[in-house]
Structures are given as C-alpha cells and as structure tokens.
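J.: Below you'll find final39.csv; it's CSV, C-alpha atoms.
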```csv
chain,number,residue,atom,x,y,z
A,272,MET,CA,61.2,-96.3,-72.7
A,273,GLN,CA,62.7,-99.0,-74.9
A,274,LEU,CA,66.4,-97.8,-75.3
A,275,SER,CA,69.0,-95.9,-73.3
A,276,ILE,CA,72.3,-95.1,-74.9
A,277,VAL,CA,75.1,-94.5,-72.4
A,278,MET,CA,78.1,-92.5,-73.7
A,279,PRO,CA,81.0,-91.8,-71.3
A,280,VAL,CA,83.1,-88.7,-72.4
A,281,TYR,CA,86.4,-87.1,-71.6
A,282,ASN,CA,87.0,-83.8,-73.4
A,283,GLU,CA,85.3,-84.9,-76.6
A,284,GLY,CA,84.4,-81.3,-77.6
A,285,ASN,CA,85.9,-81.5,-81.0
A,286,VAL,CA,83.9,-84.6,-82.1
A,287,ILE,CA,80.8,-84.8,-79.9
A,288,GLU,CA,78.5,-82.8,-82.1
A,289,GLU,CA,79.2,-85.0,-85.1
A,290,THR,CA,78.8,-88.1,-83.0
A,291,LEU,CA,75.4,-87.1,-81.7
A,292,LYS,CA,74.2,-86.1,-85.2
A,293,ARG,CA,75.2,-89.5,-86.5
A,294,VAL,CA,73.4,-91.2,-83.6
A,295,GLU,CA,70.2,-89.2,-84.0
A,296,SER,CA,70.2,-89.7,-87.8
A,297,ALA,CA,70.7,-93.5,-87.4
A,298,ILE,CA,68.4,-94.4,-84.4
A,299,LYS,CA,64.7,-94.0,-85.1
A,300,ILE,CA,63.2,-95.8,-82.1
A,301,PRO,CA,62.4,-93.8,-78.9
A,302,HIS,CA,65.5,-93.4,-76.8
A,303,GLU,CA,67.4,-91.4,-74.3
A,304,LEU,CA,71.1,-90.6,-74.7
A,305,LEU,CA,73.1,-90.1,-71.5
A,306,ILE,CA,76.3,-88.2,-71.8
A,307,ILE,CA,78.3,-89.1,-68.6
A,308,TYR,CA,81.1,-86.6,-67.7
A,309,ASP,CA,83.6,-86.3,-64.8
A,310,MET,CA,84.2,-82.6,-64.4
A,311,ASP,CA,82.4,-79.3,-65.1
A,312,GLU,CA,85.4,-78.1,-67.2
A,313,ASP,CA,85.0,-81.0,-69.7
A,314,THR,CA,85.0,-79.6,-73.3
A,315,THR,CA,82.1,-81.9,-74.2
A,316,ILE,CA,79.6,-80.0,-72.1
A,317,ASP,CA,79.1,-76.8,-74.1
A,318,PRO,CA,78.6,-78.5,-77.5
A,319,VAL,CA,76.1,-80.9,-75.9
A,320,LYS,CA,74.1,-78.0,-74.4
A,321,LYS,CA,73.8,-76.4,-77.8
A,322,ILE,CA,72.5,-79.6,-79.5
A,323,GLN,CA,70.1,-80.3,-76.6
A,324,LYS,CA,67.9,-77.6,-77.9
A,325,LYS,CA,67.1,-79.8,-80.9
A,326,TYR,CA,67.3,-83.1,-79.1
A,327,PRO,CA,66.0,-82.7,-75.6
A,328,HIS,CA,66.3,-86.5,-74.9
A,329,ILE,CA,70.1,-86.0,-74.8
A,330,LYS,CA,71.0,-85.6,-71.2
A,331,LEU,CA,74.2,-84.5,-69.4
A,332,ILE,CA,74.8,-86.5,-66.3
A,333,LYS,CA,77.8,-86.0,-64.0
A,334,ASN,CA,79.6,-89.1,-62.8
A,335,ILE,CA,78.2,-89.9,-59.3
A,336,TYR,CA,80.8,-92.4,-58.3
A,337,GLY,CA,84.0,-90.4,-58.8
A,338,THR,CA,86.1,-90.0,-61.9
A,339,GLY,CA,87.2,-92.5,-64.6
A,340,ALA,CA,85.7,-94.7,-67.2
A,341,LEU,CA,84.4,-97.4,-64.9
A,342,ASN,CA,82.6,-95.0,-62.7
A,343,ALA,CA,81.1,-93.2,-65.7
A,344,LEU,CA,79.9,-96.5,-67.1
A,345,LYS,CA,78.4,-97.5,-63.7
A,346,THR,CA,76.7,-94.1,-63.4
A,347,GLY,CA,75.2,-94.5,-66.9
A,348,LEU,CA,74.0,-98.1,-66.2
A,349,ILE,CA,72.3,-96.9,-63.0
A,350,LYS,CA,70.7,-93.8,-64.4
A,351,ALA,CA,69.5,-95.5,-67.7
A,352,LYS,CA,65.7,-95.9,-67.8
A,353,GLY,CA,65.4,-98.0,-71.0
A,354,GLU,CA,64.5,-101.7,-71.2
A,355,ALA,CA,67.7,-102.0,-73.3
A,356,VAL,CA,70.9,-100.2,-72.4
A,357,CYS,CA,73.7,-99.7,-74.9
A,358,ILE,CA,77.2,-98.5,-74.2
A,359,MET,CA,78.7,-96.5,-77.1
A,360,MET,CA,81.8,-94.5,-77.4
A,361,ALA,CA,81.8,-90.7,-78.2
A,362,ASP,CA,84.8,-90.6,-80.4
A,363,LEU,CA,83.3,-91.8,-83.7
A,364,THR,CA,84.8,-95.3,-83.5
A,365,ASP,CA,81.4,-97.0,-83.2
A,366,ASP,CA,78.9,-97.1,-86.1
A,367,PRO,CA,75.5,-96.1,-84.7
A,368,GLN,CA,73.7,-97.9,-87.6
A,369,VAL,CA,74.7,-101.2,-86.0
A,370,LEU,CA,72.5,-100.3,-83.0
A,371,ASN,CA,69.4,-101.0,-85.0
A,372,LYS,CA,70.6,-104.5,-85.6
A,373,MET,CA,71.4,-104.9,-81.9
A,374,MET,CA,67.9,-103.8,-81.0
A,375,ALA,CA,66.4,-106.3,-83.4
A,376,LYS,CA,68.3,-109.1,-81.5
A,377,PHE,CA,67.1,-107.6,-78.2
A,378,ASN,CA,63.5,-107.7,-79.4
A,379,LYS,CA,64.0,-111.4,-80.1
A,380,GLY,CA,64.8,-112.0,-76.4
A,381,PHE,CA,68.6,-111.6,-76.2
A,382,ASP,CA,70.0,-110.1,-73.0
A,383,VAL,CA,73.5,-109.2,-74.3
A,384,VAL,CA,74.2,-108.2,-77.9
A,385,ALA,CA,77.8,-107.6,-78.8
A,386,ALA,CA,78.9,-105.5,-81.7
A,387,SER,CA,81.6,-107.8,-83.1
A,388,ARG,CA,84.7,-106.9,-85.1
A,389,TYR,CA,85.8,-110.5,-85.4
A,390,MET,CA,82.7,-112.4,-86.7
A,391,LYS,CA,81.9,-112.7,-90.4
A,392,GLY,CA,81.1,-109.3,-91.8
A,393,GLY,CA,83.0,-107.5,-89.0
A,394,HIS,CA,86.0,-105.3,-89.4
A,395,GLN,CA,88.5,-103.2,-87.4
A,396,ILE,CA,90.2,-100.3,-89.1
A,397,GLY,CA,93.4,-98.9,-87.4
A,398,GLY,CA,94.3,-98.9,-83.7
A,399,PRO,CA,97.4,-100.1,-81.8
A,400,PHE,CA,98.6,-103.4,-83.4
A,401,ILE,CA,99.3,-105.3,-80.2
A,402,LYS,CA,95.8,-104.3,-78.8
A,403,GLN,CA,94.2,-105.7,-82.1
A,404,ILE,CA,96.0,-109.0,-81.7
A,405,LEU,CA,95.3,-109.4,-78.0
A,406,SER,CA,91.6,-108.5,-78.3
A,407,ARG,CA,91.1,-110.9,-81.3
A,408,VAL,CA,92.9,-113.7,-79.5
A,409,ALA,CA,90.8,-113.2,-76.4
A,410,GLY,CA,87.5,-113.2,-78.3
A,411,VAL,CA,88.2,-116.1,-80.6
A,412,SER,CA,89.8,-118.3,-77.8
A,413,LEU,CA,86.9,-117.7,-75.4
A,414,HIS,CA,84.5,-118.6,-78.2
A,415,TYR,CA,86.1,-122.0,-78.7
A,416,LEU,CA,87.4,-122.7,-75.2
A,417,VAL,CA,84.4,-121.8,-73.1
A,418,GLY,CA,81.6,-121.7,-75.7
A,419,LEU,CA,81.1,-118.0,-75.5
A,420,PRO,CA,78.6,-117.4,-78.3
A,421,ILE,CA,80.4,-114.3,-79.7
A,422,HIS,CA,83.8,-113.7,-81.3
A,423,ASP,CA,84.6,-110.3,-79.8
A,424,ALA,CA,84.8,-110.4,-76.0
A,425,THR,CA,86.4,-107.0,-75.4
A,426,ASN,CA,84.6,-104.4,-77.5
A,427,SER,CA,82.7,-102.0,-75.2
A,428,PHE,CA,80.0,-101.3,-77.9
A,429,ARG,CA,77.4,-103.6,-76.3
A,430,LEU,CA,73.7,-103.7,-75.5
A,431,TYR,CA,72.3,-105.2,-72.3
A,432,SER,CA,68.8,-105.9,-71.1
A,433,LYS,CA,67.9,-103.9,-68.0
A,434,LYS,CA,66.7,-107.1,-66.3
A,435,PHE,CA,70.2,-108.6,-66.6
A,436,LEU,CA,71.9,-105.4,-65.3
A,437,GLU,CA,69.6,-105.3,-62.3
A,438,LYS,CA,70.7,-108.8,-61.3
A,439,VAL,CA,74.4,-108.8,-62.0
A,440,LYS,CA,77.0,-107.6,-59.5
A,441,ILE,CA,79.7,-105.4,-61.1
A,442,GLU,CA,83.2,-106.3,-59.7
A,443,SER,CA,85.5,-104.7,-62.3
A,444,ASP,CA,87.8,-102.1,-60.8
A,445,GLY,CA,89.5,-100.7,-63.9
A,446,GLY,CA,87.5,-99.5,-66.8
A,447,PHE,CA,86.4,-101.0,-70.1
A,448,GLU,CA,87.1,-104.6,-69.0
A,449,LEU,CA,83.5,-104.2,-67.7
A,450,ALA,CA,82.2,-105.4,-71.1
A,451,LEU,CA,84.1,-108.7,-70.7
A,452,GLU,CA,82.9,-109.2,-67.1
A,453,LEU,CA,79.3,-108.6,-68.0
A,454,THR,CA,79.4,-110.8,-71.0
A,455,VAL,CA,81.0,-113.9,-69.4
A,456,LYS,CA,78.7,-113.5,-66.3
A,457,ALA,CA,75.7,-113.3,-68.6
A,458,HIS,CA,76.8,-116.4,-70.5
A,459,PHE,CA,77.5,-118.5,-67.4
A,460,GLY,CA,74.4,-117.1,-65.7
A,461,GLY,CA,72.1,-118.6,-68.3
A,462,TYR,CA,71.2,-115.4,-70.1
A,463,LYS,CA,71.0,-115.2,-73.9
A,464,VAL,CA,74.1,-113.7,-75.6
A,465,THR,CA,74.6,-113.0,-79.3
A,466,GLU,CA,76.5,-110.7,-81.7
A,467,VAL,CA,76.1,-108.6,-84.8
A,468,PRO,CA,78.9,-107.5,-87.1
A,469,THR,CA,80.4,-104.0,-86.8
A,470,THR,CA,83.1,-102.0,-88.3
A,471,TRP,CA,85.2,-100.3,-85.6
A,472,THR,CA,87.3,-97.3,-86.8
A,473,TYR,CA,90.2,-95.9,-84.9
A,474,LEU,CA,90.4,-92.2,-85.2
A,475,ALA,CA,92.3,-91.0,-82.1
A,476,LYS,CA,95.6,-89.3,-82.6
A,477,GLU,CA,97.0,-90.8,-79.4
A,478,SER,CA,95.9,-94.0,-77.7
A,479,ARG,CA,94.6,-93.9,-74.2
A,480,PHE,CA,95.0,-97.7,-73.9
A,481,TYR,CA,98.0,-98.5,-71.7
A,482,LEU,CA,98.8,-102.2,-72.0
A,483,ALA,CA,100.6,-102.7,-68.7
A,484,LYS,CA,97.7,-101.1,-66.8
A,485,TRP,CA,94.7,-102.6,-68.5
A,486,LEU,CA,95.9,-106.1,-69.5
A,487,PRO,CA,95.7,-107.6,-66.0
A,488,LYS,CA,92.1,-106.3,-65.7
A,489,TYR,CA,91.0,-108.1,-68.8
A,490,LEU,CA,93.0,-111.3,-67.9
A,491,LYS,CA,91.1,-111.5,-64.6
A,492,TRP,CA,87.8,-112.0,-66.4
A,493,TYR,CA,89.4,-114.1,-69.2
A,494,PHE,CA,90.6,-116.7,-66.6
A,495,TRP,CA,87.4,-116.3,-64.6
A,496,ALA,CA,85.6,-117.7,-67.6
A,497,ILE,CA,88.1,-120.5,-68.1
A,498,ARG,CA,87.8,-121.6,-64.5
A,499,LYS,CA,84.0,-121.4,-64.7
A,500,LYS,CA,84.0,-123.6,-67.7
A,501,LEU,CA,86.4,-126.1,-66.1
A,502,SER,CA,84.4,-126.3,-62.9
A,503,GLY,CA,81.4,-127.3,-64.8
A,504,LEU,CA,83.0,-130.2,-66.6
A,505,PRO,CA,81.9,-133.7,-65.6
A,506,LYS,CA,84.3,-135.4,-63.2
A,507,ASN,CA,85.6,-138.8,-64.4
```
Could you express the structure from this file as structure tokens?
T.:
Amino acid sequence: MQLSIVMPVYNEGNVIEETLKRVESAIKIPHELLIIYDMDEDTTIDPVKKIQKKYPHIKLIKNIYGTGALNALKTGLIKAKGEAVCIMMADLTDDPQVLNKMMAKFNKGFDVVAASRYMKGGHQIGGPFIKQILSRVAGVSLHYLVGLPIHDATNSFRLYSKKFLEKVKIESDGGFELALELTVKAHFGGYKVTEVPTTWTYLAKESRFYLAKWLPKYLKWYFWAIRKKLSGLPKN
C-alpha cells in the first residue's frame, strides 16, 4: 500500500463524518485511513462505524500506548502499513487536497513533506494569536538559523516515508511537538525534507493548546536543532 493516513481523535463526533467525506473525495490513490482513539466512549466511534460501510479502508484503532495525543500518534505510526504515512487532524483544520501535492513530492524521493502555512502560497486562518506568532517565529528562524528546508516547523500535517520512521527513535513526551522532533531529526540525519503550501483553518470553539504546558516541549527540539547546527560548524 502506498499511503496511510493517521488521524488521532478525541470526541470528534460532530465533525468526523464531514472530515472523512472530504478526505475520500480528495484522495484518489489507494490508501488506508487509521482513526486512533483513546476510549470506547469516544463520540467519534459511532459515526465512523457508519461510514465504514462505504469506505472499508477506514479503520478504527484503539491507542495501544495509553491515552493522549502522543500515544495516539505513536500507535498510528506503528500500525500504518503504507510506504508513506501522513498525520492529519480530524477537526477540519487541514485541507486534504494538499495531500495529493505531498504525495507528488514523496514520489520524487522526499522523506518528510511538510504542509506549510508560512511559505509562499500558504495561509493560516484564525487560531490563538500568540500561538500563531510563536509557530511562525519558530519555523522561519529554524529555516534561516539551521538551514531547515521548510518554513513551518510545527504544523502536525506532515507526511513521512516509512523507511525514515522505521529508523528514527521517538523521544517526545508531550504531544504534537512530535512533528518538530521528526523533522529536525530527518534534516540532520541526511533525509530529504521539503514543503508544500497549505491553508490551515481554525474552527474550534475552544483551544486545546495550553501555552505553559506545550511551549517547553517545542523549545526542547528547537534548541536541539540549534545545538546540532552549532556542533557541526568548523572550528577555527
């Protein structure tokens, strides 16, 4: 199988049907879509079971590592069978049409393809203002300071080659900072990294992003990349 789409969920029952319909309308290549959930009471499950009758390649998979976003992502990455594995959100923020462009890059030999809000042609609509500023600064500064060949370092909407995922050791202990960890490790590990523009649309009524909790997790990998770059500079 060429493509696996990993979609962590947490009570997305009100939007998941529309999300899956958009994905299936947009993606024409053979794929599996893995819905990763934490608990049997999750409101996402029943709507997915109904739509599975039409799309049997949509699979419900319970988190095998415990609860939380990071464990859901790790479960999806382990269970995915595709040569390319894409992480996509379930809340209608990500545009599934962009995945076709990401796969075109993958087919040209890239191991990480980022959906970028901050490159030419990319956009971000809505969302917490401070989060917008911090994510933009992180992406652009890593691009210029360490040569990261993308402008958006923190967006989780990202495609990875299975061969890269099988080699990399995941060390994140929070959640969605995993995208930053995997991307900087791919770059400094000699893998091919690129980006395509995307429009990210914030639709949630209440943000689940808590700055004090998540910022240190992202900063860990931001400074890891800085140190990695500095350690590789020639000594005078």
J.: My list of candidates is A:Tyr326, A:Trp471, A:Phe377, A:Tyr462. Which is closest to Asp423 in chain A when distances are computed with all atoms listed in the file?
T.: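 So, comparing all the options, the nearest one is A:Trp471.
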J.: Each residue of range 341-389 of chain A with at least one atom at most 6 Å from range 293-308 of chain A should appear once, together with its nearest atom pair and the corresponding distance in Å (one decimal); atoms considered: only C-alpha atoms; ordering: chain, then increasing residue number; output as JSON lines.
T.:
```
{"residue": "A:Ala343", "atom": "CA", "partner": "A:Ile307", "partner_atom": "CA", "distance": 5.7}
{"residue": "A:Pro367", "atom": "CA", "partner": "A:Val294", "partner_atom": "CA", "distance": 5.4}
{"residue": "A:Gln368", "atom": "CA", "partner": "A:Ala297", "partner_atom": "CA", "distance": 5.3}
```
J.: Ranking A:Val464, A:Cys357, A:Ala375, A:Thr472 by minimum distance to Gln403 in chain A and counting all atoms listed in the file, which one comes first?
T.: A:Thr472
J.: Calculate how many Å separate CA of Glu448 in chain A from CA of Ala409 in chain A, rounding to one decimal.
T.: 11.9 Å
J.: For each of A:Glu288, A:Glu437, A:Asp317, A:Asp309, take the minimum atom-to-atom distance to Glu354 in chain A, counting only C-alpha atoms, then give the residue where this is smallest.
T.: A:Glu437
J.: Take range 311-346 of chain A, bring it up to N, CA and C atoms, and give me the output as a PDB file, keeping the file's coordinate frame.
T.:
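Result saved to rebuild.pdb:
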```
ATOM      1  N   ASP A 311      83.203 -80.437 -64.486  1.00  0.00           N
ATOM      2  CA  ASP A 311      82.400 -79.300 -65.100  1.00  0.00           C
ATOM      3  C   ASP A 311      83.224 -78.637 -66.192  1.00  0.00           C
ATOM      4  N   GLU A 312      84.543 -78.798 -66.194  1.00  0.00           N
ATOM      5  CA  GLU A 312      85.400 -78.100 -67.200  1.00  0.00           C
ATOM      6  C   GLU A 312      85.494 -78.969 -68.493  1.00  0.00           C
ATOM      7  N   ASP A 313      84.870 -80.115 -68.558  1.00  0.00           N
ATOM      8  CA  ASP A 313      85.000 -81.000 -69.700  1.00  0.00           C
ATOM      9  C   ASP A 313      84.528 -80.248 -70.983  1.00  0.00           C
ATOM     10  N   THR A 314      85.330 -80.329 -72.035  1.00  0.00           N
ATOM     11  CA  THR A 314      85.000 -79.600 -73.300  1.00  0.00           C
ATOM     12  C   THR A 314      83.809 -80.144 -73.997  1.00  0.00           C
ATOM     13  N   THR A 315      83.324 -81.289 -73.570  1.00  0.00           N
ATOM     14  CA  THR A 315      82.100 -81.900 -74.200  1.00  0.00           C
ATOM     15  C   THR A 315      80.870 -81.145 -73.856  1.00  0.00           C
ATOM     16  N   ILE A 316      80.837 -80.507 -72.703  1.00  0.00           N
ATOM     17  CA  ILE A 316      79.600 -80.000 -72.100  1.00  0.00           C
ATOM     18  C   ILE A 316      78.933 -78.924 -72.989  1.00  0.00           C
ATOM     19  N   ASP A 317      79.664 -77.899 -73.372  1.00  0.00           N
ATOM     20  CA  ASP A 317      79.100 -76.800 -74.100  1.00  0.00           C
ATOM     21  C   ASP A 317      78.463 -77.199 -75.451  1.00  0.00           C
ATOM     22  N   PRO A 318      79.180 -77.995 -76.274  1.00  0.00           N
ATOM     23  CA  PRO A 318      78.600 -78.500 -77.500  1.00  0.00           C
ATOM     24  C   PRO A 318      77.289 -79.275 -77.294  1.00  0.00           C
ATOM     25  N   VAL A 319      77.270 -80.073 -76.224  1.00  0.00           N
ATOM     26  CA  VAL A 319      76.100 -80.900 -75.900  1.00  0.00           C
ATOM     27  C   VAL A 319      74.914 -79.970 -75.551  1.00  0.00           C
ATOM     28  N   LYS A 320      75.171 -78.957 -74.757  1.00  0.00           N
ATOM     29  CA  LYS A 320      74.100 -78.000 -74.400  1.00  0.00           C
ATOM     30  C   LYS A 320      73.477 -77.355 -75.579  1.00  0.00           C
ATOM     31  N   LYS A 321      74.286 -77.068 -76.572  1.00  0.00           N
ATOM     32  CA  LYS A 321      73.800 -76.400 -77.800  1.00  0.00           C
ATOM     33  C   LYS A 321      72.861 -77.401 -78.560  1.00  0.00           C
ATOM     34  N   ILE A 322      73.278 -78.647 -78.671  1.00  0.00           N
ATOM     35  CA  ILE A 322      72.500 -79.600 -79.500  1.00  0.00           C
ATOM     36  C   ILE A 322      71.289 -80.120 -78.711  1.00  0.00           C
ATOM     37  N   GLN A 323      71.267 -79.936 -77.391  1.00  0.00           N
ATOM     38  CA  GLN A 323      70.100 -80.300 -76.600  1.00  0.00           C
ATOM     39  C   GLN A 323      68.853 -79.561 -76.989  1.00  0.00           C
ATOM     40  N   LYS A 324      69.031 -78.369 -77.519  1.00  0.00           N
ATOM     41  CA  LYS A 324      67.900 -77.600 -77.900  1.00  0.00           C
ATOM     42  C   LYS A 324      67.077 -78.268 -79.026  1.00  0.00           C
ATOM     43  N   LYS A 325      67.784 -79.034 -79.856  1.00  0.00           N
ATOM     44  CA  LYS A 325      67.100 -79.800 -80.900  1.00  0.00           C
ATOM     45  C   LYS A 325      66.755 -81.177 -80.465  1.00  0.00           C
ATOM     46  N   TYR A 326      67.567 -81.751 -79.594  1.00  0.00           N
ATOM     47  CA  TYR A 326      67.300 -83.100 -79.100  1.00  0.00           C
ATOM     48  C   TYR A 326      67.256 -83.139 -77.604  1.00  0.00           C
ATOM     49  N   PRO A 327      66.103 -82.815 -77.030  1.00  0.00           N
ATOM     50  CA  PRO A 327      66.000 -82.700 -75.600  1.00  0.00           C
ATOM     51  C   PRO A 327      66.146 -84.051 -74.838  1.00  0.00           C
ATOM     52  N   HIS A 328      66.095 -85.175 -75.562  1.00  0.00           N
ATOM     53  CA  HIS A 328      66.300 -86.500 -74.900  1.00  0.00           C
ATOM     54  C   HIS A 328      67.769 -86.797 -74.727  1.00  0.00           C
ATOM     55  N   ILE A 329      68.658 -85.895 -75.164  1.00  0.00           N
ATOM     56  CA  ILE A 329      70.100 -86.000 -74.800  1.00  0.00           C
ATOM     57  C   ILE A 329      70.299 -85.338 -73.495  1.00  0.00           C
ATOM     58  N   LYS A 330      70.872 -86.083 -72.557  1.00  0.00           N
ATOM     59  CA  LYS A 330      71.000 -85.600 -71.200  1.00  0.00           C
ATOM     60  C   LYS A 330      72.452 -85.614 -70.732  1.00  0.00           C
ATOM     61  N   LEU A 331      72.842 -84.551 -70.054  1.00  0.00           N
ATOM     62  CA  LEU A 331      74.200 -84.500 -69.400  1.00  0.00           C
ATOM     63  C   LEU A 331      74.069 -84.957 -67.994  1.00  0.00           C
ATOM     64  N   ILE A 332      74.874 -85.954 -67.630  1.00  0.00           N
ATOM     65  CA  ILE A 332      74.800 -86.500 -66.300  1.00  0.00           C
ATOM     66  C   ILE A 332      76.270 -86.571 -65.734  1.00  0.00           C
ATOM     67  N   LYS A 333      76.471 -85.956 -64.577  1.00  0.00           N
ATOM     68  CA  LYS A 333      77.800 -86.000 -64.000  1.00  0.00           C
ATOM     69  C   LYS A 333      78.020 -87.315 -63.264  1.00  0.00           C
ATOM     70  N   ASN A 334      79.215 -87.840 -63.419  1.00  0.00           N
ATOM     71  CA  ASN A 334      79.600 -89.100 -62.800  1.00  0.00           C
ATOM     72  C   ASN A 334      79.346 -89.024 -61.277  1.00  0.00           C
ATOM     73  N   ILE A 335      78.570 -89.955 -60.761  1.00  0.00           N
ATOM     74  CA  ILE A 335      78.200 -89.900 -59.300  1.00  0.00           C
ATOM     75  C   ILE A 335      79.107 -90.764 -58.456  1.00  0.00           C
ATOM     76  N   TYR A 336      79.997 -91.546 -59.061  1.00  0.00           N
ATOM     77  CA  TYR A 336      80.800 -92.400 -58.300  1.00  0.00           C
ATOM     78  C   TYR A 336      82.287 -91.979 -58.166  1.00  0.00           C
ATOM     79  N   GLY A 337      82.600 -90.824 -58.743  1.00  0.00           N
ATOM     80  CA  GLY A 337      84.000 -90.400 -58.800  1.00  0.00           C
ATOM     81  C   GLY A 337      84.394 -90.108 -60.205  1.00  0.00           C
ATOM     82  N   THR A 338      85.666 -90.265 -60.508  1.00  0.00           N
ATOM     83  CA  THR A 338      86.100 -90.000 -61.900  1.00  0.00           C
ATOM     84  C   THR A 338      86.560 -91.342 -62.521  1.00  0.00           C
ATOM     85  N   GLY A 339      86.757 -91.308 -63.833  1.00  0.00           N
ATOM     86  CA  GLY A 339      87.200 -92.500 -64.600  1.00  0.00           C
ATOM     87  C   GLY A 339      86.167 -93.181 -65.342  1.00  0.00           C
ATOM     88  N   ALA A 340      86.641 -93.982 -66.305  1.00  0.00           N
ATOM     89  CA  ALA A 340      85.700 -94.700 -67.200  1.00  0.00           C
ATOM     90  C   ALA A 340      84.777 -95.606 -66.540  1.00  0.00           C
ATOM     91  N   LEU A 341      85.290 -96.415 -65.611  1.00  0.00           N
ATOM     92  CA  LEU A 341      84.400 -97.400 -64.900  1.00  0.00           C
ATOM     93  C   LEU A 341      83.310 -96.707 -64.178  1.00  0.00           C
ATOM     94  N   ASN A 342      83.634 -95.652 -63.436  1.00  0.00           N
ATOM     95  CA  ASN A 342      82.600 -95.000 -62.700  1.00  0.00           C
ATOM     96  C   ASN A 342      81.604 -94.259 -63.582  1.00  0.00           C
ATOM     97  N   ALA A 343      82.067 -93.781 -64.730  1.00  0.00           N
ATOM     98  CA  ALA A 343      81.100 -93.200 -65.700  1.00  0.00           C
ATOM     99  C   ALA A 343      80.183 -94.253 -66.237  1.00  0.00           C
ATOM    100  N   LEU A 344      80.713 -95.429 -66.559  1.00  0.00           N
ATOM    101  CA  LEU A 344      79.900 -96.500 -67.100  1.00  0.00           C
ATOM    102  C   LEU A 344      78.858 -96.953 -66.004  1.00  0.00           C
ATOM    103  N   LYS A 345      79.306 -97.097 -64.770  1.00  0.00           N
ATOM    104  CA  LYS A 345      78.400 -97.500 -63.700  1.00  0.00           C
ATOM    105  C   LYS A 345      77.321 -96.451 -63.471  1.00  0.00           C
ATOM    106  N   THR A 346      77.694 -95.178 -63.547  1.00  0.00           N
ATOM    107  CA  THR A 346      76.700 -94.100 -63.400  1.00  0.00           C
ATOM    108  C   THR A 346      75.654 -94.221 -64.517  1.00  0.00           C
TER     109      THR A 346
END
```
